[in-house]
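query17.txt follows (compact mmCIF, C-alpha atoms):
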# COMPACT_ATOMS: atom_id res chain seq x y z
CA MET A 1 43.80 -14.27 -11.75
CA PRO A 2 41.58 -11.65 -10.18
CA LYS A 3 43.09 -8.31 -9.42
CA LYS A 4 41.57 -8.29 -5.92
CA ASP A 5 41.08 -11.10 -3.44
CA TYR A 6 37.66 -10.36 -1.95
CA TYR A 7 38.13 -12.95 0.80
CA GLU A 8 41.39 -11.30 1.84
CA ILE A 9 39.75 -7.85 1.80
CA LEU A 10 37.05 -9.02 4.24
CA GLY A 11 39.54 -11.15 6.23
CA ILE A 12 37.58 -14.39 5.95
CA PRO A 13 38.35 -17.94 4.72
CA ARG A 14 37.07 -19.11 1.33
CA ASP A 15 34.55 -21.45 2.97
CA ALA A 16 33.05 -18.68 5.12
CA SER A 17 29.28 -18.78 5.64
CA TYR A 18 26.94 -15.94 4.80
CA GLU A 19 26.76 -14.98 8.49
CA ASP A 20 30.60 -14.82 8.64
CA ILE A 21 30.64 -12.57 5.56
CA LYS A 22 28.00 -10.25 6.94
CA ARG A 23 29.62 -10.09 10.37
CA SER A 24 33.04 -9.20 8.93
CA TYR A 25 31.54 -6.62 6.58
CA ARG A 26 29.72 -4.82 9.38
CA ARG A 27 32.88 -4.73 11.53
CA LEU A 28 35.07 -3.34 8.73
CA ALA A 29 32.42 -0.93 7.45
CA LYS A 30 32.18 0.71 10.87
CA LEU A 31 35.96 0.96 11.07
CA TYR A 32 36.53 2.51 7.61
CA HIS A 33 33.30 4.46 7.07
CA PRO A 34 34.10 8.04 5.91
CA ASP A 35 32.09 9.49 8.80
CA ALA A 36 34.23 7.61 11.31
CA ASN A 37 37.54 7.72 9.41
CA PRO A 38 37.85 10.69 7.01
CA SER A 39 41.30 9.81 5.63
CA PRO A 40 41.64 9.16 1.84
CA ASP A 41 43.08 5.67 2.48
CA ALA A 42 40.04 4.77 4.58
CA THR A 43 37.69 5.93 1.81
CA GLU A 44 39.40 3.65 -0.73
CA LYS A 45 39.35 0.79 1.75
CA PHE A 46 35.65 1.35 2.38
CA LYS A 47 34.97 1.11 -1.38
CA GLU A 48 36.88 -2.19 -1.56
CA ILE A 49 34.96 -3.58 1.40
CA ASN A 50 31.61 -2.74 -0.22
CA GLU A 51 32.72 -4.23 -3.55
CA ALA A 52 33.82 -7.45 -1.86
CA TYR A 53 30.61 -7.75 0.15
CA GLU A 54 28.42 -7.15 -2.91
CA VAL A 55 30.04 -10.12 -4.66
CA LEU A 56 30.47 -12.58 -1.79
CA SER A 57 27.00 -12.00 -0.28
CA ASP A 58 25.31 -12.93 -3.56
CA PRO A 59 25.35 -16.74 -4.12
CA SER A 60 25.43 -16.45 -7.92
CA LYS A 61 28.19 -13.81 -8.03
CA ARG A 62 30.20 -15.67 -5.42
CA ALA A 63 29.96 -18.95 -7.39
CA ASN A 64 31.23 -17.22 -10.54
CA TYR A 65 33.97 -15.45 -8.60
CA ASP A 66 35.14 -18.70 -6.98
CA ARG A 67 35.20 -20.46 -10.32
CA TYR A 68 36.38 -17.82 -12.78
CA GLY A 69 37.80 -15.04 -10.68
CA ASN A 70 35.08 -12.57 -11.76
CA THR A 71 31.29 -12.27 -11.51
CA LYS A 72 30.34 -12.80 -15.15
CA GLY A 73 31.85 -16.16 -16.08
CA PRO A 74 34.69 -17.20 -18.43
CA SER A 75 36.21 -14.67 -20.79
CA PHE A 76 37.98 -14.93 -24.12
CA GLU A 77 40.85 -12.75 -25.25
CA GLY A 78 42.36 -12.02 -28.64
CA GLY A 79 40.98 -12.13 -32.15
CA PHE A 80 38.91 -8.99 -31.71
CA GLY A 81 41.52 -6.58 -30.47
CA GLY A 82 40.71 -7.08 -26.79
CA GLY A 83 38.88 -9.17 -24.20
CA PHE A 84 35.14 -9.82 -23.97
CA ASP A 85 33.09 -12.30 -21.98
CA VAL A 86 30.41 -14.77 -23.05
CA ASP A 87 27.64 -12.30 -22.22
CA ASP A 88 29.20 -9.83 -24.65
CA LEU A 89 29.32 -12.50 -27.35
CA PHE A 90 25.67 -13.42 -26.90
CA GLY A 91 24.73 -9.75 -26.68
CA GLY A 92 26.25 -9.25 -30.14
CA PHE A 93 24.01 -11.95 -31.61
CA GLU A 94 20.98 -10.39 -29.93
CA ASN A 95 21.75 -6.93 -31.28
CA ILE A 96 22.20 -8.19 -34.85
CA PHE A 97 18.93 -10.15 -34.64
CA ASP A 98 17.13 -7.05 -33.34
CA MET A 99 18.47 -4.95 -36.22
CA PHE A 100 16.86 -7.20 -38.83
CA PHE A 101 13.73 -8.43 -37.05
CA GLY A 102 13.05 -5.77 -34.41
CA GLY A 103 13.51 -8.31 -31.62
CA GLU A 104 9.90 -9.50 -31.88
CA ARG A 105 10.76 -13.21 -32.21
CA ARG A 106 13.38 -13.23 -29.47
CA GLU A 107 12.29 -14.11 -25.95
CA GLU A 108 12.98 -11.16 -23.67
CA ARG A 109 15.58 -11.56 -20.99
CA LYS A 110 14.27 -12.43 -17.57
CA THR A 111 15.91 -11.10 -14.47
CA ARG A 112 16.95 -13.52 -11.82
CA ALA A 113 15.18 -11.63 -9.07
CA LYS A 114 11.40 -11.64 -9.10
CA GLU A 115 9.39 -8.79 -7.63
CA GLY A 116 6.95 -9.74 -4.89
CA SER A 117 3.18 -9.55 -5.18
CA SER A 118 1.17 -6.57 -3.99
CA LEU A 119 -1.47 -7.21 -1.33
CA GLN A 120 -4.81 -5.61 -0.45
CA TYR A 121 -6.33 -5.28 3.02
CA THR A 122 -9.88 -4.02 3.66
CA LEU A 123 -10.13 -1.78 6.71
CA THR A 124 -13.59 -0.91 8.08
CA ILE A 125 -13.93 2.27 10.14
CA THR A 126 -16.79 4.32 11.57
CA PHE A 127 -18.21 7.52 10.10
CA ARG A 128 -16.71 9.59 12.91
CA GLU A 129 -13.26 7.97 12.51
CA ALA A 130 -13.36 8.85 8.82
CA ALA A 131 -14.44 12.42 9.54
CA LEU A 132 -11.99 13.13 12.36
CA GLY A 133 -9.10 10.84 11.39
CA THR A 134 -7.71 8.03 13.51
CA GLU A 135 -4.85 5.60 14.07
CA LYS A 136 -5.38 1.88 13.42
CA GLU A 137 -3.17 -1.15 13.94
CA ILE A 138 -3.71 -3.91 11.40
CA GLU A 139 -2.34 -7.44 11.16
CA TYR A 140 -1.98 -9.31 7.89
CA THR A 141 -0.09 -12.26 6.41
CA LYS A 142 2.74 -11.78 3.93
CA TYR A 143 5.89 -13.40 2.57
CA ASP A 144 9.07 -12.06 4.12
CA THR A 145 12.79 -12.85 3.99
CA CYS A 146 13.66 -16.20 5.54
CA PRO A 147 15.50 -15.49 8.82
CA ILE A 148 17.54 -18.71 8.60
CA CYS A 149 19.15 -18.26 5.16
CA ASN A 150 18.63 -14.47 4.88
CA GLY A 151 16.76 -14.89 1.63
CA THR A 152 19.42 -16.91 -0.23
CA GLY A 153 17.41 -20.14 -0.17
CA VAL A 154 20.61 -22.01 0.64
CA LYS A 155 21.19 -24.08 3.77
CA PRO A 156 23.52 -22.18 6.13
CA GLY A 157 27.11 -23.36 5.82
CA THR A 158 26.71 -24.44 2.20
CA SER A 159 26.98 -22.66 -1.14
CA PRO A 160 25.22 -23.10 -4.47
CA ARG A 161 27.13 -24.29 -7.51
CA THR A 162 27.20 -22.67 -10.90
CA CYS A 163 24.61 -24.04 -13.33
CA PRO A 164 26.48 -26.30 -15.81
CA THR A 165 24.01 -25.60 -18.62
CA CYS A 166 24.22 -21.80 -18.75
CA ARG A 167 27.50 -21.43 -16.80
CA GLY A 168 25.92 -18.98 -14.40
CA ARG A 169 24.33 -16.63 -16.94
CA GLY A 170 20.75 -17.76 -16.33
CA ARG A 171 20.03 -17.97 -20.06
CA VAL A 172 21.10 -20.04 -23.06
CA ARG A 173 21.47 -19.37 -26.78
CA GLU A 174 19.48 -21.38 -29.30
CA VAL A 175 20.50 -21.49 -32.97
CA GLN A 176 17.82 -22.07 -35.61
CA ARG A 177 18.78 -23.00 -39.17
CA THR A 178 16.43 -21.86 -41.91
CA ILE A 179 16.63 -21.36 -45.66
CA PHE A 180 17.62 -17.76 -44.91
CA GLY A 181 20.52 -18.81 -42.71
CA GLU A 182 21.15 -19.25 -38.98
CA PHE A 183 19.37 -17.17 -36.37
CA SER A 184 20.12 -16.99 -32.65
CA SER A 185 17.68 -16.39 -29.82
CA ILE A 186 18.16 -16.19 -26.06
CA HIS A 187 16.00 -18.20 -23.65
CA THR A 188 15.81 -18.69 -19.91
CA CYS A 189 17.96 -21.60 -18.84
CA PRO A 190 15.75 -24.70 -18.39
CA THR A 191 18.06 -26.18 -15.77
CA CYS A 192 18.32 -23.33 -13.26
CA HIS A 193 15.21 -21.41 -14.41
CA GLY A 194 17.18 -18.21 -14.79
CA THR A 195 18.96 -18.17 -11.42
CA GLY A 196 22.37 -19.14 -12.77
CA VAL A 197 23.03 -21.51 -9.88
CA ILE A 198 22.00 -24.96 -8.67
CA VAL A 199 21.12 -25.29 -4.99
CA ASP A 200 21.97 -28.82 -3.85
CA ASN A 201 21.29 -28.06 -0.18
CA PRO A 202 18.20 -25.83 0.07
CA CYS A 203 17.28 -24.12 3.31
CA GLU A 204 14.98 -26.38 5.31
CA ASN A 205 13.03 -23.48 6.76
CA CYS A 206 11.92 -21.92 3.44
CA LYS A 207 12.39 -24.99 1.17
CA GLY A 208 14.86 -23.04 -0.93
CA THR A 209 12.51 -20.16 -1.81
CA GLY A 210 14.29 -17.63 0.39
CA ARG A 211 11.06 -16.43 1.97
CA VAL A 212 8.48 -17.55 4.53
CA LYS A 213 4.98 -16.47 5.52
CA ILE A 214 4.72 -14.28 8.58
CA LYS A 215 2.10 -12.22 10.39
CA LYS A 216 2.88 -8.53 10.17
CA LYS A 217 1.50 -5.70 12.32
CA ILE A 218 1.64 -2.09 11.16
CA ASN A 219 0.10 1.19 12.31
CA ILE A 220 -2.11 3.01 9.83
CA THR A 221 -2.80 6.75 9.97
CA ILE A 222 -6.26 7.58 8.61
CA PRO A 223 -6.35 11.26 7.59
CA PRO A 224 -9.46 13.29 8.51
CA GLY A 225 -12.05 13.48 5.75
CA ILE A 226 -11.17 10.18 4.07
CA GLU A 227 -13.98 8.88 1.87
CA ASN A 228 -15.48 5.44 1.50
CA GLY A 229 -13.60 3.37 -1.11
CA THR A 230 -10.29 5.25 -0.78
CA ARG A 231 -7.16 3.13 -1.31
CA LEU A 232 -4.04 3.93 0.71
CA ARG A 233 -0.71 2.67 -0.65
CA PHE A 234 2.16 1.52 1.55
CA LYS A 235 5.23 1.01 -0.62
CA GLY A 236 7.14 -2.18 0.14
CA GLY A 237 4.44 -3.56 2.44
CA GLY A 238 3.56 -6.49 0.17
CA ASP A 239 5.18 -9.90 -0.35
CA LYS A 240 8.95 -10.10 -0.47
CA GLY A 241 10.16 -11.08 -3.94
CA GLU A 242 11.80 -14.37 -4.77
CA ARG A 243 15.59 -14.63 -5.05
CA GLY A 244 16.09 -11.28 -3.37
CA GLY A 245 13.54 -9.42 -5.46
CA ASP A 246 11.96 -6.19 -4.27
CA PRO A 247 8.75 -6.46 -2.22
CA GLY A 248 5.36 -5.54 -3.63
CA ASP A 249 3.12 -2.86 -2.14
CA LEU A 250 0.31 -3.05 0.40
CA PHE A 251 -2.98 -1.36 -0.49
CA ILE A 252 -5.45 -0.49 2.28
CA LEU A 253 -9.03 -0.32 0.99
CA VAL A 254 -11.02 1.87 3.40
CA HIS A 255 -14.69 1.06 4.00
CA VAL A 256 -16.68 3.64 6.00
CA ASN A 257 -19.80 2.47 7.83
CA ASP A 258 -22.99 4.54 7.73
CA ASP A 259 -23.74 6.68 10.78
CA PRO A 260 -27.13 6.60 12.59
CA VAL A 261 -27.00 10.36 13.25
CA PHE A 262 -25.18 12.10 10.40
CA GLU A 263 -25.08 12.02 6.62
CA ARG A 264 -22.20 13.30 4.52
CA ASP A 265 -22.05 15.70 1.58
CA GLY A 266 -18.42 16.35 0.70
CA LEU A 267 -16.93 18.09 3.74
CA ASP A 268 -20.37 19.05 5.05
CA ILE A 269 -22.33 16.82 7.41
CA ILE A 270 -26.13 16.74 7.54
CA TYR A 271 -28.25 16.37 10.67
CA ARG A 272 -32.05 16.14 10.61
CA ALA A 273 -33.56 17.72 13.73
CA LYS A 274 -37.14 17.14 14.93
CA ILE A 275 -38.99 19.96 16.70
CA GLY A 276 -42.52 20.27 18.04
CA ILE A 277 -45.39 22.47 16.84
CA VAL A 278 -45.00 24.90 19.74
CA THR A 279 -41.25 25.44 19.14
CA ALA A 280 -41.86 25.88 15.42
CA SER A 281 -44.63 28.40 16.09
CA LEU A 282 -43.18 30.39 18.97
CA GLY A 283 -39.47 29.81 18.43
CA GLY A 284 -36.94 28.55 20.95
CA ILE A 285 -33.51 27.03 21.41
CA ILE A 286 -32.77 23.38 20.70
CA GLU A 287 -29.64 21.30 21.28
CA VAL A 288 -28.10 19.50 18.30
CA PRO A 289 -25.19 17.03 18.20
CA THR A 290 -22.01 17.78 16.21
CA LEU A 291 -18.78 15.89 15.60
CA TYR A 292 -17.19 18.00 18.34
CA GLY A 293 -19.90 17.97 21.01
CA LYS A 294 -23.37 19.49 21.42
CA GLU A 295 -24.32 22.95 20.14
CA ALA A 296 -27.28 25.26 20.84
CA LEU A 297 -29.35 26.27 17.79
CA GLU A 298 -31.89 29.10 17.87
CA ILE A 299 -35.19 28.38 16.10
CA PRO A 300 -37.02 31.60 15.08
CA PRO A 301 -40.84 31.86 15.43
CA GLY A 302 -42.84 30.57 12.48
CA THR A 303 -40.22 28.07 11.33
CA GLN A 304 -41.51 25.82 8.57
CA SER A 305 -40.72 22.13 8.09
CA GLY A 306 -37.65 21.67 5.85
CA LYS A 307 -35.99 24.90 7.00
CA VAL A 308 -32.17 24.67 6.70
CA PHE A 309 -29.71 26.06 9.25
CA LYS A 310 -25.89 26.00 9.12
CA LEU A 311 -23.36 25.62 11.91
CA LYS A 312 -20.24 27.19 10.43
CA GLY A 313 -17.05 25.13 10.69
CA LYS A 314 -18.73 22.18 12.41
CA GLY A 315 -18.29 19.85 9.47
CA ILE A 316 -15.23 17.82 8.43
CA ARG A 317 -11.88 19.55 8.91
CA ALA A 318 -9.72 17.93 6.24
CA SER A 319 -7.05 20.64 6.57
CA ARG A 320 -6.68 24.21 7.74
CA ASN A 321 -8.08 25.53 4.47
CA ARG A 322 -10.65 22.78 3.86
CA VAL A 323 -13.34 22.90 6.53
CA GLY A 324 -16.99 21.94 6.08
CA ASP A 325 -20.16 23.01 7.89
CA GLU A 326 -22.91 21.13 9.68
CA VAL A 327 -26.24 21.44 7.85
CA VAL A 328 -29.28 21.14 10.15
CA ILE A 329 -32.59 20.39 8.43
CA VAL A 330 -35.61 20.96 10.65
CA ASN A 331 -38.59 18.61 10.48
CA ILE A 332 -41.71 19.51 12.50
CA GLU A 333 -43.11 16.60 14.46
CA VAL A 334 -46.93 16.63 14.68
CA PRO A 335 -48.41 14.64 17.60
CA THR A 336 -50.54 11.64 16.60
CA ARG A 337 -52.23 11.17 19.99
CA LEU A 338 -53.83 14.02 21.92
CA SER A 339 -55.43 14.28 25.31
CA LYS A 340 -58.93 15.78 25.58
CA HIS A 341 -57.50 19.02 26.94
CA ALA A 342 -54.90 19.25 24.17
CA ARG A 343 -57.59 18.67 21.55
CA GLU A 344 -59.70 21.47 22.98
CA LEU A 345 -56.72 23.81 22.95
CA LEU A 346 -56.04 22.98 19.28
CA LEU A 347 -59.68 23.57 18.40
CA GLU A 348 -59.52 26.95 20.05
CA LEU A 349 -56.35 27.66 18.12
CA GLY A 350 -58.11 26.66 14.91
CA GLN A 351 -60.94 29.03 15.60
CA GLU A 352 -58.45 31.76 16.42
CA LEU A 353 -56.68 31.13 13.11
CA GLY A 354 -59.94 31.15 11.18
CA GLU A 355 -60.36 27.43 10.57
CA LYS A 356 -64.13 27.73 9.87
CA THR A 357 -64.55 24.21 8.45
CA VAL A 358 -63.42 22.39 11.54
CA ALA A 359 -66.06 20.14 13.11
CA ARG A 360 -65.50 19.24 16.72
CA GLY A 361 -64.21 15.75 17.23
CA ASN A 362 -64.08 14.63 13.58
CA GLY A 363 -60.28 14.97 13.34
CA LYS A 364 -60.28 17.24 10.28
CA PHE A 365 -58.52 20.01 12.10
CA ILE A 366 -55.74 17.70 13.25
CA ASN A 367 -55.13 16.61 9.69
CA ARG A 368 -55.17 20.24 8.60
CA VAL A 369 -52.56 21.13 11.21
CA LYS A 370 -50.38 18.23 10.06
CA ASN A 371 -50.54 19.42 6.47
CA VAL A 372 -49.71 22.98 7.41
CA PHE A 373 -46.61 22.04 9.39
CA LYS A 374 -45.48 19.52 6.79
CA GLY A 375 -45.54 22.21 4.13
CA GLY A 376 -49.00 21.51 2.69
CA SER A 377 -51.84 23.98 2.09
Would you write out, as structure tokens, the structure that this file holds?
Amino acid sequence: MPKKDYYEILGIPRDASYEDIKRSYRRLAKLYHPDANPSPDATEKFKEINEAYEVLSDPSKRANYDRYGNTKGPSFEGGFGGGFDVDDLFGGFENIFDMFFGGERREERKTRAKEGSSLQYTLTITFREAALGTEKEIEYTKYDTCPICNGTGVKPGTSPRTCPTCRGRGRVREVQRTIFGEFSSIHTCPTCHGTGVIVDNPCENCKGTGRVKIKKKINITIPPGIENGTRLRFKGGGDKGERGGDPGDLFILVHVNDDPVFERDGLDIIYRAKIGIVTASLGGIIEVPTLYGKEALEIPPGTQSGKVFKLKGKGIRASRNRVGDEVVIVNIEVPTRLSKHARELLLELGQELGEKTVARGNGKFINRVKNVFKGGS
């Protein structure tokens, strides 16, 4: 006989459903929780309540408890100076086999719970969202705990029965006879496939799997400065495992679109500014875009094409100590079409600058000007 009656501890009948068990546990846990009831008697009672719930809420443990009065199955006493259960007996065979053969020929034990699969979601964001950081809500499909059977896979109001082949252990022992003697190995039970129980009345909602597909929405925080191809991990965001197994993880693969204005170099951003011949020659102030608004940039007289300017701190601000700059590369734009008056002015300029080889109207001077401002000779 068991030392403790778990049904009596929770105050429920032996045919109570999972919902009845959970409801009674929550009521008693609130009443005897150490934070609410600091007395020593309440602490012991709280431990008993948790122990009872752990057994009765698990279909396999409950089936063994109902049948044998414990959670491991039948036990044998005597002959070895004390009691041991069937698992201990099989464990002894396994240990002896491992001593002689290193365990290489024995199939490894399989747990009844199976961990869920990890999932991957590709999230596409803009260049500016990657640089400045953003919040995104995503929706994806995953397996989650069945709300009808609470993941047990059993139809509400019914209970699974102990597997008759393995007697609830989830594995069976196979004896092989060879010229060297008998050898034992442990295998997953072929009847219950390692669960230890037989479900005669599976949950109609999840078909006995204990999980169903749902659409899940979560909010994603994209940190500033994230790079294209980065994978973010959200622990437990993947599929729920079978038979109460832990969920897998969700991986967010971040794809950053190219930007029509900026390029990226680490935490620095690059902007290519176009200025005219007059501004390059005489100097002036131009307006350039940044991630944080427009900024004025002073162009000194005689600026050559390809000149690099820096706007300090206007790059990507990944953190307080990791801040990039904006790199402005100046390209001089030479006009391709000129009015008659503009041509005459350029010819006069050529003469002023000593362009002796220029012939009026043949276009050589224009080409010469283009080469000069593009960095040629």
Around (-27.6, 10.7, 17.0) in the file's own coordinates, what residues are found within 9 Å if you use all atoms listed in the file, given back as an mmCIF file with C-alpha atoms, in the coordinates of the input?
data_model
loop_
_atom_site.group_PDB
_atom_site.id
_atom_site.type_symbol
_atom_site.label_atom_id
_atom_site.label_comp_id
_atom_site.auth_asym_id
_atom_site.auth_seq_id
_atom_site.Cartn_x
_atom_site.Cartn_y
_atom_site.Cartn_z
ATOM 1 C CA ASP A 259 -23.740 6.680 10.780
ATOM 2 C CA PRO A 260 -27.130 6.600 12.590
ATOM 3 C CA VAL A 261 -27.000 10.360 13.250
ATOM 4 C CA PHE A 262 -25.180 12.100 10.400
ATOM 5 C CA TYR A 271 -28.250 16.370 10.670
ATOM 6 C CA VAL A 288 -28.100 19.500 18.300
ATOM 7 C CA PRO A 289 -25.190 17.030 18.200
#
Problem - Neighbour list for range 220-229 of chain A as a PyMOL selection string, cut-off 8 Å, all atoms listed in the file, skip fewer than 4 positions in-chain - result: chain A and resi 129-138+253-256+267+316-319
Problem - Length of the CA of Gly236 in chain A to CA of Asp249 in chain A vector [Å] - result: 4.7 Å
Practice task
Scan for residues within 12 Å of the point (38.0, 1.0, -2.4) in the coordinates of the file, using all atoms listed in the file, and reply as a ChimeraX atom specification.
Solution key: /A:4,6,9,29,32-34,40-53
Exercise for the section: Using only C-alpha atoms, pick whichever of A:Thr188, A:Ser60, A:Asn205, A:Asn331 has the shortest atom-to-atom distance to Ser305 in chain A. Expected result: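 Closest to Ser305 in chain A, using only C-alpha atoms: A:Asn331.
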Practice task
Have a look at CA of Gly151 in chain A and CA of Leu31 in chain A and let me know their distance in Å, one decimal.
Solution key: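 Interatomic distance here is 26.6 Å.
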Completion exercise
The residue from A:Pro147, A:Gly276, A:Gly194, A:Gly315 with the smallest atom-to-atom distance to Cys163 in chain A, counting all atoms listed in the file, is A:Gly194
Practice task
Work out how far apart CA of Gly293 in chain A and CA of Ser281 in chain A are and give it in Å to one decimal.
Solution key: 27.3 Å
